[in-house]
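Student: Below is a structure I'd like to ask you about.
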Amino acid sequence: MALDQSHVIQAFIQLGILIFSLSLHEFGHAYVANRLGDPTAKMLGRLTINPIAHADPIGTILFPLIRFLYPGVLLFGWAKPVPVSPENFQNPRRDGALVAAAGPTVNVLIALVSLIALFILGQTQFFGLNEANQNILWDFFKFFFWLNFALAVFNLIPIYPLDGSWIIKALLPGPLSYQYSRMDRWGIWILIAGLYFGFLDYFFQPAIKGLVFVLNLAGLDHLTAML
């Protein structure tokens with residue numbers, strides 16, 4: 001597949017949005033962990049939005065860039081996980097769940113900000129921009145929204161090593177949590193199979209339907225149609 005200049009530029013813009021979003025996601029984990037009494041991430045320089053602290057050369061840069069350049073390629077990205085020492089928490093199970101939930105929560109907040117920007121663009125002649133520039137901004141915030149929506153949903157899937165697995169372990173009674181943890185060694189293979197065979201759609205489809213329902217309930221059906 002030949003790549004034209006505009007496609008390459010678009011891929012690097014998308015990569016920049018992903019790196020920014022993943023960095024804020026990891027910062028969310030570090031911030032909440034520090035507030036709950038675990039300074040491990042802070043001492044290791046992870047309590048920052050600086051992408052250098054969170055980026056993994058393969059998972060944050062190479063694989064996503066290939067994916068953006070060649071959309072048919074089955075690859076997914078990741079950032080360096082934030083180190084957490086549960087023994088520093090007053091309530092390890094509860095606090096561990098809060099730390100795990102912090103990352104997806106940040107992505108939800110970013111998605112909400114993007115949605116507000118899209119709403120403003122759809123209602124006004126933003127800064128007097130012409131139609132072409134408004135469309136560029138629209139595509140920018142639309143990608144920002146869907147990427148962070150997808151990151152939030154994906155990370156809440158209860159499969160190790162995703163954040164959802166840590167939340168489930170914290171909510172389950174001790175014996176069940178232990179049994180659930182025994183599946184961790186298969187987690188990455190389950191995720192790969194889910195991506196390849198489309199099993200993860202069972203998580204994304206209800207989330208998208210829920211999003212559409214909420215937007216329509218709020219009277220933003222015109223925004224839903226444009227997303």
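In the structure tokens, the first chain shown is A, the next is B, and so on; residue numbers restart at 1 for each chain, and ligands run from 1 in the order shown.
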As a ChimeraX atom specification, which residues of segment 63-192 of chain A does DSSP assign to helix (DSSP H, G or I)?

Tutor: /A:63-69,86-88,92-123,126-128,131-155,163-171,174-181,184-192

Student: Could you please take those selected residues and save C-alpha atoms as a CSV table (one decimal), in the first residue's frame?

Tutor:
```csv
chain,number,residue,atom,x,y,z
A,63,PHE,CA,3.1,-0.7,17.1
A,64,PRO,CA,0.6,2.1,17.2
A,65,LEU,CA,2.4,4.0,14.4
A,66,ILE,CA,2.3,0.9,12.2
A,67,ARG,CA,-1.4,0.5,13.1
A,68,PHE,CA,-2.2,4.1,12.1
A,69,LEU,CA,-0.2,3.8,8.9
A,86,PRO,CA,0.0,-2.2,47.9
A,87,GLU,CA,1.6,-2.6,51.3
A,88,ASN,CA,1.7,1.2,51.5
A,92,PRO,CA,-4.9,-2.5,50.0
A,93,ARG,CA,-8.0,-4.1,48.3
A,94,ARG,CA,-10.1,-0.9,48.1
A,95,ASP,CA,-7.2,1.5,47.4
A,96,GLY,CA,-5.8,-0.9,44.7
A,97,ALA,CA,-9.2,-0.8,43.0
A,98,LEU,CA,-9.2,3.0,43.1
A,99,VAL,CA,-5.7,3.2,41.6
A,100,ALA,CA,-6.7,0.8,38.8
A,101,ALA,CA,-9.9,2.8,38.1
A,102,ALA,CA,-8.0,6.1,37.9
A,103,GLY,CA,-6.5,5.4,34.5
A,104,PRO,CA,-9.8,4.7,32.7
A,105,THR,CA,-11.4,7.5,34.6
A,106,VAL,CA,-8.9,10.0,33.1
A,107,ASN,CA,-9.7,8.7,29.6
A,108,VAL,CA,-13.4,9.2,30.3
A,109,LEU,CA,-12.7,12.8,31.3
A,110,ILE,CA,-10.6,13.4,28.2
A,111,ALA,CA,-13.4,11.9,26.1
A,112,LEU,CA,-15.9,14.3,27.8
A,113,VAL,CA,-13.8,17.3,27.1
A,114,SER,CA,-13.5,16.2,23.5
A,115,LEU,CA,-17.3,15.7,23.3
A,116,ILE,CA,-17.8,19.3,24.6
A,117,ALA,CA,-15.4,20.6,22.0
A,118,LEU,CA,-17.4,18.7,19.3
A,119,PHE,CA,-20.6,20.1,20.6
A,120,ILE,CA,-19.2,23.7,20.5
A,121,LEU,CA,-17.9,23.1,16.9
A,122,GLY,CA,-21.3,21.8,15.9
A,123,GLN,CA,-23.2,24.7,17.3
A,126,PHE,CA,-15.8,28.4,16.0
A,127,PHE,CA,-13.3,31.4,16.0
A,128,GLY,CA,-14.7,32.3,12.6
A,131,GLU,CA,-15.5,25.2,6.7
A,132,ALA,CA,-12.3,23.3,5.7
A,133,ASN,CA,-10.5,24.3,9.0
A,134,GLN,CA,-13.6,23.5,11.0
A,135,ASN,CA,-13.6,20.0,9.5
A,136,ILE,CA,-10.0,19.5,10.4
A,137,LEU,CA,-10.8,20.5,14.0
A,138,TRP,CA,-13.8,18.2,14.0
A,139,ASP,CA,-11.8,15.2,12.8
A,140,PHE,CA,-9.1,16.0,15.4
A,141,PHE,CA,-11.5,16.1,18.4
A,142,LYS,CA,-13.6,13.2,17.0
A,143,PHE,CA,-10.4,11.0,17.0
A,144,PHE,CA,-9.5,12.3,20.5
A,145,PHE,CA,-13.0,11.3,21.7
A,146,TRP,CA,-13.2,7.8,20.2
A,147,LEU,CA,-9.6,7.0,21.1
A,148,ASN,CA,-10.1,7.8,24.8
A,149,PHE,CA,-13.5,6.2,24.8
A,150,ALA,CA,-11.9,3.0,23.4
A,151,LEU,CA,-9.0,3.2,25.9
A,152,ALA,CA,-11.5,3.5,28.8
A,153,VAL,CA,-13.6,0.6,27.7
A,154,PHE,CA,-10.6,-1.6,26.8
A,155,ASN,CA,-8.8,-1.0,30.1
A,163,ASP,CA,-7.1,-2.4,34.9
A,164,GLY,CA,-10.5,-4.1,35.0
A,165,SER,CA,-8.9,-7.3,36.3
A,166,TRP,CA,-7.5,-5.5,39.3
A,167,ILE,CA,-10.9,-3.9,40.0
A,168,ILE,CA,-12.6,-7.3,39.8
A,169,LYS,CA,-10.0,-8.9,42.1
A,170,ALA,CA,-10.6,-6.2,44.7
A,171,LEU,CA,-14.3,-6.6,44.6
A,174,GLY,CA,-10.7,-13.5,49.1
A,175,PRO,CA,-11.0,-17.1,47.8
A,176,LEU,CA,-12.7,-16.1,44.5
A,177,SER,CA,-10.2,-13.3,44.0
A,178,TYR,CA,-7.4,-15.9,44.4
A,179,GLN,CA,-8.9,-18.2,41.9
A,180,TYR,CA,-9.4,-15.4,39.5
A,181,SER,CA,-5.8,-14.4,39.9
A,184,ASP,CA,-3.4,-14.1,35.0
A,185,ARG,CA,-0.8,-16.2,33.2
A,186,TRP,CA,-3.3,-16.7,30.4
A,187,GLY,CA,-4.5,-13.1,30.3
A,188,ILE,CA,-2.3,-11.7,27.4
A,189,TRP,CA,-3.2,-14.7,25.3
A,190,ILE,CA,-6.9,-14.3,26.0
A,191,LEU,CA,-6.6,-10.6,24.9
A,192,ILE,CA,-4.8,-11.5,21.7
```

Student: Which residue, A:Tyr70, A:Ile52, A:Met43, A:Leu215, has the smallest gap to Gln10 of chain A when you use only C-alpha atoms?

Tutor: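 Looking only at the distances to Gln10 of chain A, the closest residue turns out to be A:Tyr70.
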
Student: Would you list the contacts of Ala53 of chain A as a PyMOL selection string, taking every protein, DNA or RNA residue within 12 Å and counting only C-alpha atoms, but skipping same-chain residues closer than 6 positions in sequence?

Tutor: chain A and resi 19-20+22-24+26-27+30+41-42+44-47+60+79-82

Student: Dump C-alpha atoms for the selected residues as a short mmCIF file (atom, residue, chain, number, x, y, z; two decimals), in the first residue's frame?

Tutor:
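Generated output (out_24.cif):
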```cif
data_model
loop_
_atom_site.label_atom_id
_atom_site.label_comp_id
_atom_site.auth_asym_id
_atom_site.auth_seq_id
_atom_site.Cartn_x
_atom_site.Cartn_y
_atom_site.Cartn_z
CA ILE A 19 0.89 9.13 23.44
CA PHE A 20 -0.72 12.12 25.21
CA LEU A 22 -1.69 7.11 27.50
CA SER A 23 0.56 9.48 29.45
CA LEU A 24 -2.44 11.04 31.21
CA GLU A 26 -0.64 6.46 33.60
CA PHE A 27 -0.39 9.79 35.42
CA ALA A 30 0.40 7.47 39.79
CA ALA A 41 5.50 5.95 41.30
CA LYS A 42 6.44 9.45 42.46
CA LEU A 44 10.44 6.64 40.23
CA GLY A 45 9.54 9.78 38.29
CA ARG A 46 6.15 8.56 37.09
CA LEU A 47 4.03 11.26 38.74
CA THR A 60 3.58 3.27 22.68
CA ALA A 79 2.51 2.21 27.98
CA LYS A 80 4.86 1.34 30.81
CA PRO A 81 2.73 0.20 33.77
CA VAL A 82 2.91 2.41 36.84
#
```

Student: For atom CA of His25 of chain A and atom CA of Ala55 of chain A, quote the distance in Å rounded to one decimal.

Tutor: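 These atoms are spaced 11.4 Å apart.
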